[in-house]
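What follows is entry-v9.tsv (TSV, C-alpha atoms and all ligand atoms).
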chain	number	residue	atom	x	y	z
M	7	MET	CA	201.73	120.90	-82.84
M	8	ARG	CA	204.17	118.68	-80.94
M	9	ASP	CA	203.73	120.81	-77.84
M	10	LEU	CA	200.04	119.87	-77.81
M	11	ASP	CA	200.91	116.23	-77.27
M	12	PRO	CA	202.00	115.66	-73.66
M	13	LEU	CA	203.65	112.41	-74.68
M	14	ALA	CA	205.82	114.02	-77.34
M	15	ALA	CA	208.54	114.73	-74.76
M	16	ALA	CA	209.08	111.03	-74.06
M	17	ALA	CA	211.99	109.64	-76.03
M	18	PRO	CA	211.90	105.85	-75.85
M	19	ASP	CA	215.11	103.97	-76.48
M	20	LEU	CA	213.62	101.78	-79.19
M	21	ALA	CA	216.76	99.76	-79.76
M	22	ALA	CA	216.89	98.82	-76.06
M	23	MET	CA	213.28	97.63	-75.92
M	24	ARG	CA	213.37	93.86	-75.60
M	25	VAL	CA	211.03	91.28	-74.10
M	26	ASP	CA	211.46	87.58	-73.60
M	27	TYR	CA	208.69	85.97	-75.65
M	28	GLY	CA	206.39	83.43	-74.10
M	29	ASN	CA	202.93	82.82	-72.72
M	30	PRO	CA	202.75	84.63	-69.34
M	31	LEU	CA	200.11	82.16	-68.11
M	32	VAL	CA	202.48	79.21	-68.28
M	33	ALA	CA	205.94	78.62	-66.81
M	34	PRO	CA	208.46	78.63	-69.68
M	35	ALA	CA	209.38	74.99	-69.09
M	36	ASP	CA	205.71	73.94	-69.11
M	37	GLU	CA	204.65	75.71	-72.28
M	38	PRO	CA	204.29	73.17	-75.07
M	39	ASP	CA	205.75	73.90	-78.48
M	40	LEU	CA	203.31	74.77	-81.23
M	41	ASP	CA	203.04	71.56	-83.22
M	42	PRO	CA	201.37	70.38	-86.46
M	43	ASP	CA	199.02	68.33	-84.21
M	44	TRP	CA	197.47	71.60	-83.04
M	45	VAL	CA	195.94	72.08	-86.49
M	46	ALA	CA	194.89	68.44	-86.95
M	47	ASP	CA	191.25	69.61	-87.03
M	48	GLY	CA	192.02	72.54	-89.32
M	49	TRP	CA	193.26	76.07	-88.76
M	50	GLU	CA	189.96	77.52	-87.56
M	51	PRO	CA	189.67	75.88	-84.10
M	52	LEU	CA	193.23	76.96	-83.21
M	53	LEU	CA	192.68	80.57	-84.34
M	54	ARG	CA	189.39	80.65	-82.39
M	55	ASN	CA	191.16	79.26	-79.34
M	56	TRP	CA	193.97	81.84	-79.53
M	57	ILE	CA	191.49	84.73	-79.88
M	58	GLU	CA	189.60	83.38	-76.85
M	59	GLN	CA	192.79	83.02	-74.80
M	60	ALA	CA	193.75	86.61	-75.66
M	61	ARG	CA	190.25	87.76	-74.60
M	62	ARG	CA	190.54	85.91	-71.27
M	63	LEU	CA	193.92	87.50	-70.69
M	64	GLY	CA	192.24	90.91	-71.04
M	65	VAL	CA	193.85	91.84	-74.35
M	66	ALA	CA	192.03	94.85	-75.83
M	67	GLU	CA	190.32	94.04	-79.15
M	68	PRO	CA	191.58	90.41	-79.30
M	69	ASN	CA	189.78	90.05	-82.66
M	70	ALA	CA	191.63	92.97	-84.27
M	71	MET	CA	193.62	92.10	-87.36
M	72	VAL	CA	195.77	94.14	-89.70
M	73	LEU	CA	194.30	93.77	-93.17
M	74	ALA	CA	196.59	94.25	-96.16
M	75	THR	CA	195.17	94.84	-99.62
M	76	VAL	CA	196.81	95.76	-102.91
M	77	SER	CA	196.41	99.17	-104.52
M	78	LEU	CA	196.62	99.08	-108.29
M	79	THR	CA	196.03	102.79	-108.92
M	80	GLY	CA	199.70	103.89	-109.07
M	81	PRO	CA	202.40	103.00	-111.59
M	82	ALA	CA	203.07	99.75	-109.71
M	83	PRO	CA	201.04	97.62	-107.26
M	84	ARG	CA	201.43	98.83	-103.66
M	85	PRO	CA	200.45	97.13	-100.39
M	86	VAL	CA	198.10	99.05	-98.08
M	87	ALA	CA	197.45	97.94	-94.50
M	88	ARG	CA	195.01	98.98	-91.79
M	89	THR	CA	193.28	97.38	-88.79
M	90	VAL	CA	189.79	95.88	-88.92
M	91	LEU	CA	187.87	93.64	-86.53
M	92	CYS	CA	187.24	89.99	-87.29
M	93	LYS	CA	183.49	89.62	-86.73
M	94	GLY	CA	183.04	86.08	-87.97
M	95	LEU	CA	185.15	82.96	-88.03
M	96	SER	CA	184.36	79.62	-89.67
M	97	PRO	CA	186.30	76.91	-91.50
M	98	GLU	CA	185.48	78.94	-94.65
M	99	GLY	CA	187.38	82.00	-93.49
M	100	VAL	CA	187.41	85.22	-91.49
M	101	THR	CA	184.77	87.93	-91.92
M	102	PHE	CA	185.08	91.68	-91.40
M	103	TYR	CA	182.72	94.58	-92.09
M	104	THR	CA	183.44	97.88	-93.75
M	105	ASN	CA	182.38	100.46	-96.30
M	106	TYR	CA	182.43	98.90	-99.77
M	107	ASP	CA	183.37	102.28	-101.28
M	108	SER	CA	186.31	102.83	-98.89
M	109	ALA	CA	189.91	102.62	-100.07
M	110	LYS	CA	190.07	98.97	-98.99
M	111	GLY	CA	186.74	98.24	-100.70
M	112	THR	CA	187.92	99.81	-103.94
M	113	GLN	CA	191.20	97.90	-103.70
M	114	LEU	CA	189.43	94.59	-103.09
M	115	ALA	CA	187.14	95.24	-106.08
M	116	ALA	CA	190.24	95.60	-108.29
M	117	ASP	CA	192.24	92.79	-106.68
M	118	PRO	CA	190.41	90.50	-104.23
M	119	TYR	CA	193.58	89.04	-102.66
M	120	ALA	CA	194.25	90.11	-99.08
M	121	ALA	CA	196.25	89.19	-96.00
M	122	ALA	CA	195.15	89.62	-92.40
M	123	SER	CA	197.48	89.46	-89.40
M	124	PHE	CA	196.39	88.98	-85.82
M	125	VAL	CA	199.04	89.82	-83.24
M	126	TRP	CA	198.81	89.32	-79.49
M	127	PRO	CA	202.17	90.46	-78.06
M	128	ALA	CA	200.89	89.68	-74.53
M	129	LEU	CA	200.79	86.00	-75.53
M	130	ALA	CA	203.74	86.11	-77.94
M	131	ARG	CA	201.52	84.86	-80.74
M	132	GLN	CA	200.53	85.91	-84.21
M	133	VAL	CA	198.45	84.42	-87.01
M	134	HIS	CA	198.51	85.35	-90.70
M	135	VAL	CA	195.55	84.56	-92.92
M	136	ARG	CA	196.10	84.95	-96.67
M	137	GLY	CA	193.75	84.37	-99.54
M	138	VAL	CA	190.97	85.72	-101.66
M	139	THR	CA	188.06	87.84	-100.43
M	140	GLU	CA	184.45	87.92	-101.49
M	141	ARG	CA	181.49	89.95	-100.28
M	142	VAL	CA	179.31	88.03	-97.83
M	143	PRO	CA	175.63	87.53	-98.78
M	144	ALA	CA	173.29	90.39	-97.84
M	145	ASP	CA	171.54	88.28	-95.18
M	146	VAL	CA	174.86	87.68	-93.40
M	147	THR	CA	175.56	91.43	-93.36
M	148	ALA	CA	171.98	92.07	-92.18
M	149	ALA	CA	172.37	89.64	-89.27
M	150	TYR	CA	175.53	91.40	-88.09
M	151	TRP	CA	174.07	94.88	-88.70
M	152	ALA	CA	171.14	93.94	-86.43
M	153	GLN	CA	173.60	93.65	-83.52
M	154	ARG	CA	175.19	97.05	-84.12
M	155	PRO	CA	174.23	99.89	-81.77
M	156	ARG	CA	172.27	102.82	-83.23
M	157	GLU	CA	175.31	105.12	-82.99
M	158	SER	CA	177.44	102.75	-85.07
M	159	ARG	CA	174.68	102.49	-87.67
M	160	LEU	CA	174.43	106.28	-87.90
M	161	GLY	CA	178.22	106.50	-88.21
M	162	ALA	CA	178.22	104.02	-91.09
M	163	TRP	CA	175.60	106.10	-92.94
M	164	ALA	CA	177.34	109.41	-92.18
M	165	SER	CA	180.89	108.53	-93.22
M	166	GLN	CA	182.03	108.36	-96.82
M	167	GLN	CA	184.93	106.34	-95.51
M	168	SER	CA	188.40	107.20	-96.86
M	169	ARG	CA	187.20	110.35	-98.67
M	170	PRO	CA	188.62	113.74	-97.60
M	171	ILE	CA	186.48	116.16	-95.58
M	172	ALA	CA	187.35	119.80	-94.88
M	173	SER	CA	187.01	119.79	-91.10
M	174	ARG	CA	185.86	117.99	-87.97
M	175	ALA	CA	182.95	120.45	-87.87
M	176	ASP	CA	181.83	119.27	-91.33
M	177	LEU	CA	181.97	115.67	-90.13
M	178	ASP	CA	179.88	116.52	-87.03
M	179	ARG	CA	177.38	118.35	-89.25
M	180	THR	CA	177.04	115.31	-91.52
M	181	LEU	CA	176.38	113.13	-88.49
M	182	ALA	CA	173.78	115.59	-87.18
M	183	GLU	CA	172.03	115.55	-90.58
M	184	THR	CA	172.10	111.76	-90.68
M	185	THR	CA	170.74	111.57	-87.12
M	186	ALA	CA	167.88	113.93	-88.08
M	187	ARG	CA	167.17	111.95	-91.26
M	188	PHE	CA	166.69	108.74	-89.28
M	189	ALA	CA	165.02	110.35	-86.25
M	190	ASP	CA	161.70	108.59	-86.92
M	191	VAL	CA	163.26	105.31	-88.05
M	192	ASP	CA	163.51	102.66	-85.34
M	193	ASP	CA	165.38	100.09	-87.35
M	194	ILE	CA	168.01	101.93	-89.40
M	195	PRO	CA	168.62	99.85	-92.56
M	196	VAL	CA	171.97	98.60	-93.85
M	197	PRO	CA	173.53	101.22	-96.15
M	198	PRO	CA	173.83	99.89	-99.72
M	199	PHE	CA	177.56	100.73	-99.62
M	200	TRP	CA	178.32	98.79	-96.43
M	201	GLY	CA	178.79	95.10	-95.64
M	202	GLY	CA	181.03	92.16	-94.95
M	203	TYR	CA	183.88	90.44	-96.68
M	204	LEU	CA	184.87	86.82	-96.22
M	205	LEU	CA	188.61	86.22	-96.53
M	206	ARG	CA	188.94	82.59	-97.63
M	207	PRO	CA	192.46	81.49	-96.76
M	208	ASP	CA	194.71	79.47	-98.98
M	209	GLU	CA	197.37	79.86	-96.30
M	210	VAL	CA	197.20	80.32	-92.51
M	211	GLU	CA	200.38	80.67	-90.49
M	212	PHE	CA	200.59	80.33	-86.71
M	213	TRP	CA	203.57	81.81	-84.87
M	214	GLN	CA	204.48	81.19	-81.24
M	215	GLY	CA	207.33	83.06	-79.57
M	216	ARG	CA	209.50	81.06	-77.19
M	217	HIS	CA	211.49	82.20	-74.15
M	218	GLY	CA	215.03	82.86	-75.31
M	219	ARG	CA	214.77	80.19	-77.98
M	220	LEU	CA	213.91	79.70	-81.60
M	221	HIS	CA	210.28	80.50	-82.19
M	222	ASN	CA	207.71	78.13	-83.73
M	223	ARG	CA	205.97	78.59	-87.08
M	224	ILE	CA	203.40	76.23	-88.53
M	225	VAL	CA	201.77	76.95	-91.87
M	226	VAL	CA	198.55	75.36	-93.12
M	227	ARG	CA	198.07	75.45	-96.90
M	228	ILE	CA	194.65	74.83	-98.36
M	229	ASP	CA	194.20	73.92	-102.02
M	230	GLY	CA	190.63	72.82	-102.62
M	231	ASP	CA	190.09	69.66	-100.55
M	232	ASN	CA	193.83	69.23	-100.09
M	233	THR	CA	195.43	70.60	-96.91
M	234	THR	CA	199.11	70.42	-96.06
M	235	VAL	CA	200.87	71.43	-92.87
M	236	GLU	CA	204.50	72.47	-92.70
M	237	ARG	CA	206.90	73.81	-90.10
M	238	LEU	CA	208.84	76.92	-91.15
M	239	GLN	CA	212.13	78.15	-89.72
M	240	PRO	CA	211.71	81.20	-87.53
C	1	LIG	C1	191.20	98.52	-83.42
C	1	LIG	C2	190.63	99.03	-84.72
C	1	LIG	C3	189.55	98.37	-85.29
C	1	LIG	C4	189.00	98.82	-86.49
C	1	LIG	N1	187.98	98.11	-87.04
C	1	LIG	C5	187.49	98.48	-88.24
C	1	LIG	C6	186.50	97.68	-88.89
C	1	LIG	O1	186.08	96.62	-88.40
C	1	LIG	N2	186.01	98.12	-90.09
C	1	LIG	C7	186.47	99.27	-90.68
C	1	LIG	O2	185.99	99.60	-91.77
C	1	LIG	N3	187.43	100.03	-90.11
C	1	LIG	C8	187.95	99.66	-88.90
C	1	LIG	N4	188.94	100.41	-88.32
C	1	LIG	C9	189.43	101.61	-89.02
C	1	LIG	C10	190.40	101.15	-90.14
C	1	LIG	O3	191.65	100.83	-89.56
C	1	LIG	C11	190.58	102.20	-91.24
C	1	LIG	O4	191.03	103.42	-90.71
C	1	LIG	C12	189.32	102.45	-92.04
C	1	LIG	O5	188.60	101.25	-92.29
C	1	LIG	C13	189.65	103.11	-93.39
C	1	LIG	O6	190.54	102.27	-94.11
C	1	LIG	P1	190.79	102.43	-95.67
C	1	LIG	O7	190.81	103.91	-95.96
C	1	LIG	O8	192.12	101.78	-95.92
C	1	LIG	O9	189.68	101.73	-96.38
C	1	LIG	C14	189.52	99.98	-87.12
C	1	LIG	C15	190.62	100.63	-86.55
C	1	LIG	C16	191.15	100.17	-85.37
C	1	LIG	C17	192.35	100.88	-84.79
Translate the structure of the given file into structure tokens.
Amino acid sequence: MRDLDPLAAAAPDLAAMRVDYGNPLVAPADEPDLDPDWVADGWEPLLRNWIEQARRLGVAEPNAMVLATVSLTGPAPRPVARTVLCKGLSPEGVTFYTNYDSAKGTQLAADPYAAASFVWPALARQVHVRGVTERVPADVTAAYWAQRPRESRLGAWASQQSRPIASRADLDRTLAETTARFADVDDIPVPPFWGGYLLRPDEVEFWQGRHGRLHNRIVVRIDGDNTTVERLQP
């Protein structure tokens, strides 16, 4: 199996890998330190701004975030993490779309608390969003679904996400069947098992790496109408 992967021969010296953190668009001396003032208008404008800066820098999938949920099916709670795309951002929270019957969907049904981490190594920045999730209203899902290409819609119908399947051929067959089923349907509807979640943060942490120095961490805590901002040690 390893021989099939042309990259398997490469043996990176992981311990020797080291970069000097900082924003490549700004000279180290000119880059301002992340400061509580940056979240004076709330956490959302700063997160939006950082996603946009990553996009302008050409970062692939600048809205990707690693979503951690809790699995309660074993003898003890276990964290489970995977990447999803942030497809909506408002002062209320971050929104992502998935299969409600997937592993993450099942986990969120049992325990709605989640954490999402954005990381942009090219900018030496990360943001953690932690809080409780809820399903978005059906009309919000429908509005996003309307933007999805036909292929993505067919994929959502075809995949029983997170369930085992015997082979790639079986998966391709399922897609072919789904494609045939919707052949005469122009506007493929939203599957009943698919939709969005809003992660409403009670905590958002911004992290900025600094050139050869102590890094900056600012955490915003939201408790009802009460918001506090604190600097954390790196
Ligand atoms: C860059 C990237 C973006 C992804 N975006 C999504 C997404 O928006 N929604 C989704 O359900 N899965 C997305 N995935 C796939 C998930 O990481 C994951 O494999 C899938 O949702 C099944 O997760 P689960 O079994 O833990 O529920 C993405 C994967 C990558 C690498």
Item to check | Top pick for closest residue to ligand LIG 1 (chain C), considering M:Ala162, M:Ile57, M:Val133, M:Ala17 and counting only C-alpha atoms and all ligand atoms | outcome: M:Ala162
Next on the checklist: ligand LIG 1 (chain C): which residues are within 6 Å, counting only C-alpha atoms and all ligand atoms? Reply as a PyMOL selection string.
Outcome noted: chain M and resi 70+88-91+102-105+108-110+168
Item to check | For Lys93 (chain M), the nearest of the candidates M:Leu205, M:Leu20, M:Val191, M:Ala175, counting all atoms listed in the file | outcome: M:Leu205
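When the distance limit is 9 Å and all atoms listed in the file are what count, the residues near Val45 (chain M), minus those fewer than 5 positions from it on the same chain, are Glu50, Pro51, Leu52, Ile224, Val226 and Val235 of chain M.
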Checklist entry - Which residue gives the smallest distance to Arg156 (chain M) among M:Pro143, M:Gly201, M:Pro195, M:Pro83, with all atoms listed in the file counted? => result M:Pro195
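In this model, the gap between CA of Gly230 (chain M) and CA of Asp208 (chain M) comes to 8.6 Å.
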